[in-house]
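Student: Dropping the structure in here first, questions after.
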Amino acid sequence: MSASGARIVLATRNQGKVREFRALLAQSPQLADVDLETAVTDAQTAGCSEIPETGVTFEENALIKAREVAAQTGLPAVADDSGLAVDVLHGAPGIFSARWAGKNASDAANLQLLLEQLGDISEDHRAAAFVCAASLVVPSAEGAPPHEVTTFGRLEGTVLTAPRGEEGFGYDPILQPLGETRSCAELSMEEKNAISHRGKAFAQLRDHVVQVLS
C-alpha cells in the first residue's frame, strides 16, 4: 500500500511538515547517500485513509496517527501532533489548533478567529507557545509489539496583532519567538528548524529515524 521506494511514512498530508522533516534528516551525515525525496513519503502518497485524532493530548494524537499509518503501510511511521497554546486562553487552541475555526477551516480562517479573540488583549498578556509531540512507530515481527518512541518540543513566544511573513504555515505568521523581532513566518526554514517546537521534537527523534533509514 506504500509508495514505491518509501522506507518511512510521515503521517501527514501537510507538505510543509514533509519538507521540514526531510530538511532535518538531510543534516545527518549517515543519510548522505539516502534519497530522502523517495525514502520519506507522506500518508496521502502512501494511500493511507484519514485518521481521526481522538486523543485528548498531543502525545495521544501523535501515537494514534503513527500506529495507524504503520499498520496500514507495514512501514515505520512518524507522526506529530502540534498546536498553539495561548496562556490567556488556558492553553487553547491546543489540540484543536488545526480546526479552531471549524473542521475544514483554512490557516487564514484559524488565524483570523484567534486574532479576533485576542483583539482586546494587551501585548504583555499575549504569551503563547507552540507545542509538539512526535512519535515513531516501527512495526515488529508478527505477534511482537511495535517499537515506539515519543519526544516533545516547545517554542515560547508572543502572539502578534497581525500576520507577518510568507514562510512556514499554520500559525507561524502570528507567533514571535522570545528574543526575536521576527515572526516564525519571517524565519528561513533552517532558522525555524533550529528553534521550533517541531524541530526540537523531531531532532530528538532523529537518531531513531536515522537507524531506520541507514
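Chain identifiers are assigned as A, B, and so on, following the order in which chains appear in the C-alpha cells; residues are numbered from 1 within each chain, and ligands are numbered from 1 in order of appearance.
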Got a sec: who's within 8 Å of Phe58 in chain A, counting only C-alpha atoms, leaving out chain neighbours fewer than 5 positions off, as number ranges by chain?
Tutor: A: 80-82, 95, 132-133
Student: So which residues of range 41-192 of chain A fall under alpha helix (DSSP H) by DSSP, listed as an NGL selection string?
Tutor: :A and (58-73 or 107-117 or 189-192)
Student: Which one of A:Val137, A:Val34, A:Ala101, A:Ala201 sits closest to Glu116 in chain A if you count only C-alpha atoms?
Tutor: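 Looking at the shortest contact to Glu116 in chain A, the residue is A:Ala101.
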Student: With only C-alpha atoms as the basis for distance, which of A:Leu113, A:Ala141, A:Leu75, A:Leu84 is at the shortest distance from Arg154 in chain A?
Tutor: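 The shortest atom-to-atom distance to Arg154 in chain A comes from A:Leu84.
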Student: Which polymer residues have any atom within 12 Å of an atom of range 105-112 of chain A, counting only C-alpha atoms, with same-chain residues fewer than 2 positions away left out, as a PDB file with all heavy atoms, in the first residue's frame?
Tutor:
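Output (result-v6.pdb):
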```
ATOM      1  N   ASN A  14       0.256  17.328   5.120  1.00  0.00           N
ATOM      2  CA  ASN A  14       0.783  18.690   5.086  1.00  0.00           C
ATOM      3  C   ASN A  14       2.186  18.672   4.495  1.00  0.00           C
ATOM      4  O   ASN A  14       3.133  18.189   5.118  1.00  0.00           O
ATOM      5  CB  ASN A  14       0.811  19.262   6.512  1.00  0.00           C
ATOM      6  CG  ASN A  14       1.179  20.728   6.556  1.00  0.00           C
ATOM      7  OD1 ASN A  14       2.058  21.175   5.839  1.00  0.00           O
ATOM      8  ND2 ASN A  14       0.515  21.465   7.422  1.00  0.00           N
ATOM      9  N   GLY A  83       0.441  22.264  18.121  1.00  0.00           N
ATOM     10  CA  GLY A  83      -0.509  23.363  18.080  1.00  0.00           C
ATOM     11  C   GLY A  83      -0.012  24.550  18.882  1.00  0.00           C
ATOM     12  O   GLY A  83       1.084  24.522  19.453  1.00  0.00           O
ATOM     13  N   LEU A  84      -0.824  25.557  18.893  1.00  0.00           N
ATOM     14  CA  LEU A  84      -0.506  26.786  19.605  1.00  0.00           C
ATOM     15  C   LEU A  84      -1.274  26.824  20.919  1.00  0.00           C
ATOM     16  O   LEU A  84      -2.495  26.654  20.936  1.00  0.00           O
ATOM     17  CB  LEU A  84      -0.894  27.993  18.742  1.00  0.00           C
ATOM     18  CG  LEU A  84      -0.595  29.373  19.325  1.00  0.00           C
ATOM     19  CD1 LEU A  84       0.919  29.586  19.456  1.00  0.00           C
ATOM     20  CD2 LEU A  84      -1.199  30.472  18.456  1.00  0.00           C
ATOM     21  N   PRO A  93      -5.676  27.404  21.368  1.00  0.00           N
ATOM     22  CA  PRO A  93      -6.424  26.328  20.721  1.00  0.00           C
ATOM     23  C   PRO A  93      -5.913  24.914  20.999  1.00  0.00           C
ATOM     24  O   PRO A  93      -6.659  23.962  20.857  1.00  0.00           O
ATOM     25  CB  PRO A  93      -6.287  26.645  19.228  1.00  0.00           C
ATOM     26  CG  PRO A  93      -5.860  28.049  19.144  1.00  0.00           C
ATOM     27  CD  PRO A  93      -5.052  28.301  20.377  1.00  0.00           C
ATOM     28  N   PHE A  96      -6.804  21.546  19.219  1.00  0.00           N
ATOM     29  CA  PHE A  96      -7.799  21.949  18.218  1.00  0.00           C
ATOM     30  C   PHE A  96      -7.266  23.029  17.272  1.00  0.00           C
ATOM     31  O   PHE A  96      -8.026  23.620  16.514  1.00  0.00           O
ATOM     32  CB  PHE A  96      -9.066  22.458  18.910  1.00  0.00           C
ATOM     33  CG  PHE A  96      -9.676  21.459  19.859  1.00  0.00           C
ATOM     34  CD1 PHE A  96      -9.594  21.646  21.227  1.00  0.00           C
ATOM     35  CD2 PHE A  96     -10.308  20.315  19.381  1.00  0.00           C
ATOM     36  CE1 PHE A  96     -10.141  20.721  22.107  1.00  0.00           C
ATOM     37  CE2 PHE A  96     -10.851  19.379  20.255  1.00  0.00           C
ATOM     38  CZ  PHE A  96     -10.769  19.580  21.619  1.00  0.00           C
ATOM     39  N   SER A  97      -5.966  23.275  17.307  1.00  0.00           N
ATOM     40  CA  SER A  97      -5.378  24.376  16.537  1.00  0.00           C
ATOM     41  C   SER A  97      -5.706  24.312  15.048  1.00  0.00           C
ATOM     42  O   SER A  97      -6.028  25.321  14.427  1.00  0.00           O
ATOM     43  CB  SER A  97      -3.858  24.403  16.727  1.00  0.00           C
ATOM     44  OG  SER A  97      -3.519  24.739  18.059  1.00  0.00           O
ATOM     45  N   ALA A  98      -5.630  23.120  14.456  1.00  0.00           N
ATOM     46  CA  ALA A  98      -5.827  22.993  13.009  1.00  0.00           C
ATOM     47  C   ALA A  98      -7.281  23.170  12.597  1.00  0.00           C
ATOM     48  O   ALA A  98      -7.574  23.375  11.424  1.00  0.00           O
ATOM     49  CB  ALA A  98      -5.315  21.644  12.523  1.00  0.00           C
ATOM     50  N   ARG A  99      -8.186  23.091  13.551  1.00  0.00           N
ATOM     51  CA  ARG A  99      -9.608  23.231  13.238  1.00  0.00           C
ATOM     52  C   ARG A  99     -10.288  24.234  14.174  1.00  0.00           C
ATOM     53  O   ARG A  99     -11.467  24.090  14.512  1.00  0.00           O
ATOM     54  CB  ARG A  99     -10.295  21.867  13.281  1.00  0.00           C
ATOM     55  CG  ARG A  99     -10.058  21.056  14.542  1.00  0.00           C
ATOM     56  CD  ARG A  99     -10.542  19.608  14.363  1.00  0.00           C
ATOM     57  NE  ARG A  99     -10.459  18.827  15.593  1.00  0.00           N
ATOM     58  CZ  ARG A  99      -9.367  18.210  16.042  1.00  0.00           C
ATOM     59  NH1 ARG A  99      -8.238  18.324  15.360  1.00  0.00           N
ATOM     60  NH2 ARG A  99      -9.385  17.495  17.153  1.00  0.00           N
ATOM     61  N   TRP A 100      -9.544  25.250  14.569  1.00  0.00           N
ATOM     62  CA  TRP A 100     -10.052  26.231  15.520  1.00  0.00           C
ATOM     63  C   TRP A 100     -11.268  26.978  14.976  1.00  0.00           C
ATOM     64  O   TRP A 100     -12.204  27.298  15.708  1.00  0.00           O
ATOM     65  CB  TRP A 100      -8.946  27.212  15.888  1.00  0.00           C
ATOM     66  CG  TRP A 100      -9.254  28.111  17.046  1.00  0.00           C
ATOM     67  CD1 TRP A 100      -9.211  29.475  17.074  1.00  0.00           C
ATOM     68  CD2 TRP A 100      -9.607  27.695  18.381  1.00  0.00           C
ATOM     69  NE1 TRP A 100      -9.522  29.950  18.325  1.00  0.00           N
ATOM     70  CE2 TRP A 100      -9.775  28.871  19.155  1.00  0.00           C
ATOM     71  CE3 TRP A 100      -9.817  26.464  18.989  1.00  0.00           C
ATOM     72  CZ2 TRP A 100     -10.140  28.845  20.497  1.00  0.00           C
ATOM     73  CZ3 TRP A 100     -10.173  26.428  20.331  1.00  0.00           C
ATOM     74  CH2 TRP A 100     -10.329  27.605  21.072  1.00  0.00           C
ATOM     75  N   ALA A 101     -11.284  27.245  13.684  1.00  0.00           N
ATOM     76  CA  ALA A 101     -12.409  27.969  13.073  1.00  0.00           C
ATOM     77  C   ALA A 101     -13.401  27.016  12.408  1.00  0.00           C
ATOM     78  O   ALA A 101     -14.297  27.458  11.691  1.00  0.00           O
ATOM     79  CB  ALA A 101     -11.890  28.978  12.053  1.00  0.00           C
ATOM     80  N   GLY A 102     -13.263  25.725  12.640  1.00  0.00           N
ATOM     81  CA  GLY A 102     -14.160  24.742  12.043  1.00  0.00           C
ATOM     82  C   GLY A 102     -13.393  23.570  11.496  1.00  0.00           C
ATOM     83  O   GLY A 102     -12.176  23.641  11.283  1.00  0.00           O
ATOM     84  N   LYS A 103     -14.083  22.465  11.221  1.00  0.00           N
ATOM     85  CA  LYS A 103     -13.449  21.204  10.837  1.00  0.00           C
ATOM     86  C   LYS A 103     -12.529  21.341   9.629  1.00  0.00           C
ATOM     87  O   LYS A 103     -11.429  20.799   9.618  1.00  0.00           O
ATOM     88  CB  LYS A 103     -14.517  20.153  10.565  1.00  0.00           C
ATOM     89  CG  LYS A 103     -13.945  18.777  10.241  1.00  0.00           C
ATOM     90  CD  LYS A 103     -15.044  17.755  10.052  1.00  0.00           C
ATOM     91  CE  LYS A 103     -14.461  16.375   9.720  1.00  0.00           C
ATOM     92  NZ  LYS A 103     -15.511  15.354   9.534  1.00  0.00           N
ATOM     93  N   LEU A 114      -8.545  33.568  15.875  1.00  0.00           N
ATOM     94  CA  LEU A 114      -7.723  33.720  17.080  1.00  0.00           C
ATOM     95  C   LEU A 114      -7.370  35.180  17.320  1.00  0.00           C
ATOM     96  O   LEU A 114      -7.440  35.660  18.467  1.00  0.00           O
ATOM     97  CB  LEU A 114      -6.458  32.881  16.962  1.00  0.00           C
ATOM     98  CG  LEU A 114      -5.558  32.875  18.202  1.00  0.00           C
ATOM     99  CD1 LEU A 114      -6.296  32.287  19.398  1.00  0.00           C
ATOM    100  CD2 LEU A 114      -4.274  32.098  17.940  1.00  0.00           C
ATOM    101  N   LEU A 115      -7.017  35.893  16.267  1.00  0.00           N
ATOM    102  CA  LEU A 115      -6.677  37.310  16.423  1.00  0.00           C
ATOM    103  C   LEU A 115      -7.880  38.109  16.905  1.00  0.00           C
ATOM    104  O   LEU A 115      -7.743  39.030  17.728  1.00  0.00           O
ATOM    105  CB  LEU A 115      -6.150  37.878  15.105  1.00  0.00           C
ATOM    106  CG  LEU A 115      -4.770  37.378  14.671  1.00  0.00           C
ATOM    107  CD1 LEU A 115      -4.394  37.961  13.318  1.00  0.00           C
ATOM    108  CD2 LEU A 115      -3.714  37.721  15.717  1.00  0.00           C
ATOM    109  N   GLU A 116      -9.062  37.758  16.436  1.00  0.00           N
ATOM    110  CA  GLU A 116     -10.280  38.426  16.905  1.00  0.00           C
ATOM    111  C   GLU A 116     -10.512  38.135  18.387  1.00  0.00           C
ATOM    112  O   GLU A 116     -10.895  39.027  19.159  1.00  0.00           O
ATOM    113  CB  GLU A 116     -11.478  37.965  16.083  1.00  0.00           C
ATOM    114  CG  GLU A 116     -11.486  38.479  14.648  1.00  0.00           C
ATOM    115  CD  GLU A 116     -12.616  37.879  13.822  1.00  0.00           C
ATOM    116  OE1 GLU A 116     -13.377  37.025  14.370  1.00  0.00           O
ATOM    117  OE2 GLU A 116     -12.734  38.242  12.643  1.00  0.00           O
ATOM    118  N   GLN A 117     -10.283  36.914  18.809  1.00  0.00           N
ATOM    119  CA  GLN A 117     -10.484  36.545  20.209  1.00  0.00           C
ATOM    120  C   GLN A 117      -9.495  37.247  21.130  1.00  0.00           C
ATOM    121  O   GLN A 117      -9.786  37.473  22.308  1.00  0.00           O
ATOM    122  CB  GLN A 117     -10.366  35.024  20.356  1.00  0.00           C
ATOM    123  CG  GLN A 117     -11.503  34.272  19.689  1.00  0.00           C
ATOM    124  CD  GLN A 117     -11.244  32.782  19.616  1.00  0.00           C
ATOM    125  OE1 GLN A 117     -10.107  32.343  19.461  1.00  0.00           O
ATOM    126  NE2 GLN A 117     -12.300  31.986  19.712  1.00  0.00           N
ATOM    127  N   LEU A 118      -8.326  37.585  20.587  1.00  0.00           N
ATOM    128  CA  LEU A 118      -7.300  38.263  21.388  1.00  0.00           C
ATOM    129  C   LEU A 118      -7.258  39.765  21.120  1.00  0.00           C
ATOM    130  O   LEU A 118      -6.341  40.456  21.562  1.00  0.00           O
ATOM    131  CB  LEU A 118      -5.920  37.660  21.088  1.00  0.00           C
ATOM    132  CG  LEU A 118      -5.727  36.177  21.415  1.00  0.00           C
ATOM    133  CD1 LEU A 118      -4.336  35.718  21.003  1.00  0.00           C
ATOM    134  CD2 LEU A 118      -5.948  35.915  22.899  1.00  0.00           C
ATOM    135  N   GLY A 119      -8.259  40.263  20.421  1.00  0.00           N
ATOM    136  CA  GLY A 119      -8.246  41.652  19.984  1.00  0.00           C
ATOM    137  C   GLY A 119      -8.068  42.674  21.089  1.00  0.00           C
ATOM    138  O   GLY A 119      -7.422  43.711  20.888  1.00  0.00           O
ATOM    139  N   VAL A 159       1.984  36.250  20.800  1.00  0.00           N
ATOM    140  CA  VAL A 159       1.079  36.339  19.653  1.00  0.00           C
ATOM    141  C   VAL A 159       1.032  37.783  19.157  1.00  0.00           C
ATOM    142  O   VAL A 159       0.729  38.709  19.923  1.00  0.00           O
ATOM    143  CB  VAL A 159      -0.336  35.867  20.021  1.00  0.00           C
ATOM    144  CG1 VAL A 159      -1.280  36.031  18.815  1.00  0.00           C
ATOM    145  CG2 VAL A 159      -0.317  34.416  20.478  1.00  0.00           C
ATOM    146  N   LEU A 160       1.346  37.981  17.884  1.00  0.00           N
ATOM    147  CA  LEU A 160       1.309  39.313  17.281  1.00  0.00           C
ATOM    148  C   LEU A 160      -0.129  39.759  17.047  1.00  0.00           C
ATOM    149  O   LEU A 160      -1.073  38.960  17.157  1.00  0.00           O
ATOM    150  CB  LEU A 160       2.072  39.289  15.947  1.00  0.00           C
ATOM    151  CG  LEU A 160       3.553  38.910  16.041  1.00  0.00           C
ATOM    152  CD1 LEU A 160       4.120  38.646  14.655  1.00  0.00           C
ATOM    153  CD2 LEU A 160       4.334  40.014  16.745  1.00  0.00           C
ATOM    154  N   THR A 161      -0.311  41.014  16.703  1.00  0.00           N
ATOM    155  CA  THR A 161      -1.649  41.528  16.454  1.00  0.00           C
ATOM    156  C   THR A 161      -2.076  41.366  15.001  1.00  0.00           C
ATOM    157  O   THR A 161      -3.247  41.551  14.666  1.00  0.00           O
ATOM    158  CB  THR A 161      -1.748  43.014  16.847  1.00  0.00           C
ATOM    159  OG1 THR A 161      -0.751  43.754  16.122  1.00  0.00           O
ATOM    160  CG2 THR A 161      -1.511  43.187  18.348  1.00  0.00           C
ATOM    161  N   ALA A 162      -1.131  41.013  14.129  1.00  0.00           N
ATOM    162  CA  ALA A 162      -1.432  40.801  12.710  1.00  0.00           C
ATOM    163  C   ALA A 162      -0.384  39.857  12.126  1.00  0.00           C
ATOM    164  O   ALA A 162       0.753  39.823  12.595  1.00  0.00           O
ATOM    165  CB  ALA A 162      -1.424  42.125  11.945  1.00  0.00           C
ATOM    166  N   PRO A 163      -0.752  39.073  11.101  1.00  0.00           N
ATOM    167  CA  PRO A 163       0.203  38.146  10.485  1.00  0.00           C
ATOM    168  C   PRO A 163       1.368  38.881   9.838  1.00  0.00           C
ATOM    169  O   PRO A 163       1.205  39.967   9.284  1.00  0.00           O
ATOM    170  CB  PRO A 163      -0.641  37.438   9.419  1.00  0.00           C
ATOM    171  CG  PRO A 163      -2.051  37.629   9.837  1.00  0.00           C
ATOM    172  CD  PRO A 163      -2.092  38.968  10.507  1.00  0.00           C
ATOM    173  N   ARG A 164       2.569  38.253   9.912  1.00  0.00           N
ATOM    174  CA  ARG A 164       3.754  38.790   9.248  1.00  0.00           C
ATOM    175  C   ARG A 164       4.566  37.647   8.666  1.00  0.00           C
ATOM    176  O   ARG A 164       4.784  36.640   9.328  1.00  0.00           O
ATOM    177  CB  ARG A 164       4.630  39.556  10.240  1.00  0.00           C
ATOM    178  CG  ARG A 164       4.006  40.820  10.800  1.00  0.00           C
ATOM    179  CD  ARG A 164       5.062  41.786  11.378  1.00  0.00           C
ATOM    180  NE  ARG A 164       6.222  41.171  11.953  1.00  0.00           N
ATOM    181  CZ  ARG A 164       6.601  41.322  13.237  1.00  0.00           C
ATOM    182  NH1 ARG A 164       5.862  42.053  14.069  1.00  0.00           N
ATOM    183  NH2 ARG A 164       7.702  40.748  13.676  1.00  0.00           N
ATOM    184  N   GLY A 168       6.775  29.246   6.188  1.00  0.00           N
ATOM    185  CA  GLY A 168       6.071  28.431   7.163  1.00  0.00           C
ATOM    186  C   GLY A 168       4.625  28.188   6.801  1.00  0.00           C
ATOM    187  O   GLY A 168       4.189  28.338   5.670  1.00  0.00           O
ATOM    188  N   PHE A 169       3.837  27.836   7.817  1.00  0.00           N
ATOM    189  CA  PHE A 169       2.426  27.525   7.620  1.00  0.00           C
ATOM    190  C   PHE A 169       1.735  27.586   8.977  1.00  0.00           C
ATOM    191  O   PHE A 169       2.355  27.860  10.007  1.00  0.00           O
ATOM    192  CB  PHE A 169       2.260  26.137   6.980  1.00  0.00           C
ATOM    193  CG  PHE A 169       2.941  25.026   7.741  1.00  0.00           C
ATOM    194  CD1 PHE A 169       2.272  24.322   8.719  1.00  0.00           C
ATOM    195  CD2 PHE A 169       4.267  24.708   7.484  1.00  0.00           C
ATOM    196  CE1 PHE A 169       2.898  23.307   9.425  1.00  0.00           C
ATOM    197  CE2 PHE A 169       4.908  23.689   8.186  1.00  0.00           C
ATOM    198  CZ  PHE A 169       4.209  22.985   9.159  1.00  0.00           C
ATOM    199  N   GLY A 170       0.438  27.324   8.988  1.00  0.00           N
ATOM    200  CA  GLY A 170      -0.299  27.329  10.247  1.00  0.00           C
ATOM    201  C   GLY A 170      -0.261  28.680  10.927  1.00  0.00           C
ATOM    202  O   GLY A 170      -0.537  29.712  10.308  1.00  0.00           O
ATOM    203  N   TYR A 171       0.090  28.684  12.205  1.00  0.00           N
ATOM    204  CA  TYR A 171       0.101  29.913  13.000  1.00  0.00           C
ATOM    205  C   TYR A 171       1.447  30.629  12.957  1.00  0.00           C
ATOM    206  O   TYR A 171       1.652  31.603  13.688  1.00  0.00           O
ATOM    207  CB  TYR A 171      -0.268  29.597  14.459  1.00  0.00           C
ATOM    208  CG  TYR A 171      -1.694  29.140  14.646  1.00  0.00           C
ATOM    209  CD1 TYR A 171      -2.028  27.795  14.548  1.00  0.00           C
ATOM    210  CD2 TYR A 171      -2.716  30.052  14.918  1.00  0.00           C
ATOM    211  CE1 TYR A 171      -3.335  27.360  14.709  1.00  0.00           C
ATOM    212  CE2 TYR A 171      -4.023  29.632  15.086  1.00  0.00           C
ATOM    213  CZ  TYR A 171      -4.334  28.286  14.984  1.00  0.00           C
ATOM    214  OH  TYR A 171      -5.640  27.871  15.139  1.00  0.00           O
ATOM    215  N   ASP A 172       2.361  30.159  12.114  1.00  0.00           N
ATOM    216  CA  ASP A 172       3.698  30.770  12.034  1.00  0.00           C
ATOM    217  C   ASP A 172       3.666  32.293  11.865  1.00  0.00           C
ATOM    218  O   ASP A 172       4.482  32.996  12.479  1.00  0.00           O
ATOM    219  CB  ASP A 172       4.501  30.167  10.888  1.00  0.00           C
ATOM    220  CG  ASP A 172       5.028  28.775  11.214  1.00  0.00           C
ATOM    221  OD1 ASP A 172       4.922  28.358  12.383  1.00  0.00           O
ATOM    222  OD2 ASP A 172       5.536  28.100  10.298  1.00  0.00           O
ATOM    223  N   PRO A 173       2.739  32.854  11.055  1.00  0.00           N
ATOM    224  CA  PRO A 173       2.774  34.306  10.835  1.00  0.00           C
ATOM    225  C   PRO A 173       2.415  35.153  12.055  1.00  0.00           C
ATOM    226  O   PRO A 173       2.654  36.362  12.048  1.00  0.00           O
ATOM    227  CB  PRO A 173       1.728  34.518   9.716  1.00  0.00           C
ATOM    228  CG  PRO A 173       1.628  33.201   9.031  1.00  0.00           C
ATOM    229  CD  PRO A 173       1.794  32.195  10.130  1.00  0.00           C
ATOM    230  N   ILE A 174       1.860  34.532  13.112  1.00  0.00           N
ATOM    231  CA  ILE A 174       1.442  35.367  14.248  1.00  0.00           C
ATOM    232  C   ILE A 174       2.186  35.046  15.541  1.00  0.00           C
ATOM    233  O   ILE A 174       1.893  35.649  16.580  1.00  0.00           O
ATOM    234  CB  ILE A 174      -0.078  35.297  14.502  1.00  0.00           C
ATOM    235  CG1 ILE A 174      -0.524  33.887  14.883  1.00  0.00           C
ATOM    236  CG2 ILE A 174      -0.847  35.823  13.306  1.00  0.00           C
ATOM    237  CD1 ILE A 174      -1.959  33.830  15.396  1.00  0.00           C
ATOM    238  N   LEU A 175       3.147  34.133  15.514  1.00  0.00           N
ATOM    239  CA  LEU A 175       3.926  33.897  16.735  1.00  0.00           C
ATOM    240  C   LEU A 175       5.329  34.449  16.569  1.00  0.00           C
ATOM    241  O   LEU A 175       6.062  34.073  15.654  1.00  0.00           O
ATOM    242  CB  LEU A 175       4.020  32.413  17.093  1.00  0.00           C
ATOM    243  CG  LEU A 175       4.658  32.245  18.491  1.00  0.00           C
ATOM    244  CD1 LEU A 175       3.617  32.453  19.578  1.00  0.00           C
ATOM    245  CD2 LEU A 175       5.340  30.904  18.669  1.00  0.00           C
TER     246      LEU A 175
END
```
Student: A:Arg206, A:Arg182, A:His147, A:His197: which is nearest Pro29 in chain A, counting only C-alpha atoms?
Tutor: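 Looking only at the distances to Pro29 in chain A, the closest residue turns out to be A:Arg206.
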Student: Excluding Gln27 in chain A and residues on its chain fewer than 3 positions from it, collect all residues at most 12 Å away from it, counting only C-alpha atoms, and give them as an MDAnalysis selection string.
Tutor: chainID A and resid 20:24 30:34 36 190 193:194 203 206:207 210
Student: Using only C-alpha atoms, which of A:Glu167, A:Glu142, A:Glu53, A:Asp35 sits nearest Ala71 in chain A?
Tutor: A:Glu142
Student: CA of Gly153 in chain A and CA of Gly47 in chain A are how many Å apart?
Tutor: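 Atom-to-atom, CA of Gly153 in chain A to CA of Gly47 in chain A, that is 28.6 Å.
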Student: For Gln204 in chain A, find every residue with an atom within 10 Å (counting only C-alpha atoms), except residues of its own chain fewer than 6 positions away, and show them as a ChimeraX atom specification.
Tutor: /A:134,149-153,198
Student: From a backbone DSSP assignment, name each residue in range 79-193 of chain A labelled strand (DSSP E or B), as a PyMOL selection string.
Tutor: chain A and resi 79-86+93+127-138+147-159+175-177
Student: One decimal, in Å: what's the spacing between CA of Leu155 in chain A and CA of Lys17 in chain A?
Tutor: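 It comes out at 16.2 Å.
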Student: With only C-alpha atoms as the atoms that count, which of A:Glu68, A:Glu191, A:Glu59, A:Glu156 lies nearest to Pro177 in chain A?
Tutor: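 So, comparing all the options, the nearest one is A:Glu156.
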Student: Provide the CA of Glu166 in chain A to CA of Leu25 in chain A distance in Å, to one decimal place.
Tutor: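 Taking CA of Glu166 in chain A as the start and CA of Leu25 in chain A as the end point, the length is 23.5 Å.
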